[in-house]
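J.: Let me give you the structure first, and then I'll get to my questions.
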Amino acid sequence: MSILAITVNRTQTIQAQQNVQRRLRATGDLPPAGLIFQVASPADPGYQVITVWDSLASFARFRDEQLRPALEAEGVLPEHVTTTTFEVASYLTGSPVSVQQPTAACT
């Protein structure tokens, strides 16, 4: 069963979140196995990441093996992070967002 995970760090800034993301990208394992969707945004206060996973096991593996070490490396204390999970009843996706690529300059 798919799950929704809402992870909130009440003390984290956008810069700290970007640093954590850089650490995660450096592992070369992004997107992590089982991740269906992710969105990140400021929270009041702090920062939140909302994800949908193919299973609780996939989320737990990512949390324990990748996310926690990245947070710790950035000095984020475990007691500042809360995660709430829910079983997903349904979800709907649309077309992928298309980013227009710049045209090559002729010289």
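Labels for the structure tokens follow display order: chains A, B, ..., residues from 1 in each chain, ligands from 1.
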Using DSSP secondary structure from the backbone, list all helix (DSSP H, G or I) positions within range 10-102 of chain A, as a PyMOL selection string.

T.: chain A and resi 14-26+56-73+78-80

J.: I'd like the contact shell of range 62-68 of chain A - 9 Å cut-off, only C-alpha atoms, skipping same-chain residues fewer than 2 positions apart - returned as a PyMOL selection string.

T.: chain A and resi 20+24+27+29+32-34+57-60+70-73+76+78

J.: Please produce a file of the residues just selected, as a short mmCIF file (atom, residue, chain, number, x, y, z; two decimals), in the first residue's frame, where the atoms kept are C-alpha atoms.

T.:
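Final output, saved to result-v5.cif:
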data_model
loop_
_atom_site.label_atom_id
_atom_site.label_comp_id
_atom_site.auth_asym_id
_atom_site.auth_seq_id
_atom_site.Cartn_x
_atom_site.Cartn_y
_atom_site.Cartn_z
CA VAL A 20 20.29 18.45 2.89
CA LEU A 24 21.21 13.46 -0.77
CA THR A 27 24.83 9.88 -2.76
CA ASP A 29 20.58 7.57 -5.22
CA PRO A 32 15.33 6.93 -4.04
CA ALA A 33 13.78 3.55 -4.72
CA GLY A 34 10.04 3.62 -4.06
CA ALA A 57 9.23 -0.11 3.89
CA SER A 58 10.62 2.05 1.05
CA PHE A 59 10.09 5.22 3.05
CA ALA A 60 11.64 3.72 6.20
CA ALA A 70 22.08 13.89 5.74
CA LEU A 71 20.13 15.72 8.45
CA GLU A 72 22.71 14.82 11.09
CA ALA A 73 25.54 16.03 8.85
CA VAL A 76 19.67 18.90 12.51
CA PRO A 78 16.25 14.37 15.59
#

J.: Identify, on the basis of only C-alpha atoms, every residue whose closest approach to Thr82 in chain A does not exceed 12 Å; exclude the query and any residue fewer than 6 positions from it along the same chain; express the result as a PyMOL selection string.

T.: chain A and resi 5-12+46-50+63+68+76

J.: Which parts of chain A does DSSP call strand (DSSP E or B) when run on the backbone here, written out as a ChimeraX atom specification?

T.: /A:3-9,35-42,47-53,81-87

J.: What is the CA of Val39 in chain A to CA of Thr51 in chain A distance in Å?

T.: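 Atom-to-atom, CA of Val39 in chain A and CA of Thr51 in chain A are spaced 6.5 Å apart.
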
J.: Which residues are near Ser2 in chain A? Cut-off 9 Å, only C-alpha atoms, ignore same chain within fewer than 6 positions. Put them as a PyMOL selection string.

T.: chain A and resi 36+52-56+86-90

J.: Write out, as an mmCIF file, in the first residue's frame, the residues just selected, with C-alpha atoms.

T.:
data_model
loop_
_atom_site.group_PDB
_atom_site.id
_atom_site.type_symbol
_atom_site.label_atom_id
_atom_site.label_comp_id
_atom_site.auth_asym_id
_atom_site.auth_seq_id
_atom_site.Cartn_x
_atom_site.Cartn_y
_atom_site.Cartn_z
ATOM 1 C CA ILE A 36 6.510 8.334 -6.287
ATOM 2 C CA VAL A 52 4.321 9.636 -1.570
ATOM 3 C CA TRP A 53 5.992 6.218 -1.466
ATOM 4 C CA ASP A 54 5.138 2.808 -2.880
ATOM 5 C CA SER A 55 5.338 1.335 0.632
ATOM 6 C CA LEU A 56 6.173 2.130 4.239
ATOM 7 C CA PHE A 86 -0.890 7.989 6.242
ATOM 8 C CA GLU A 87 -2.060 5.189 3.971
ATOM 9 C CA VAL A 88 -2.859 6.628 0.558
ATOM 10 C CA ALA A 89 -6.419 6.017 -0.559
ATOM 11 C CA SER A 90 -5.860 7.510 -4.024
#

J.: CA of Gly94 in chain A and CA of Gln15 in chain A, how far apart in Å?

T.: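 These two atoms are separated by 29.0 Å.
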
J.: Rounded to one decimal, what separation in Å do you get between CA of Ala16 in chain A and CA of Glu79 in chain A?

T.: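 A separation of 16.1 Å between them.
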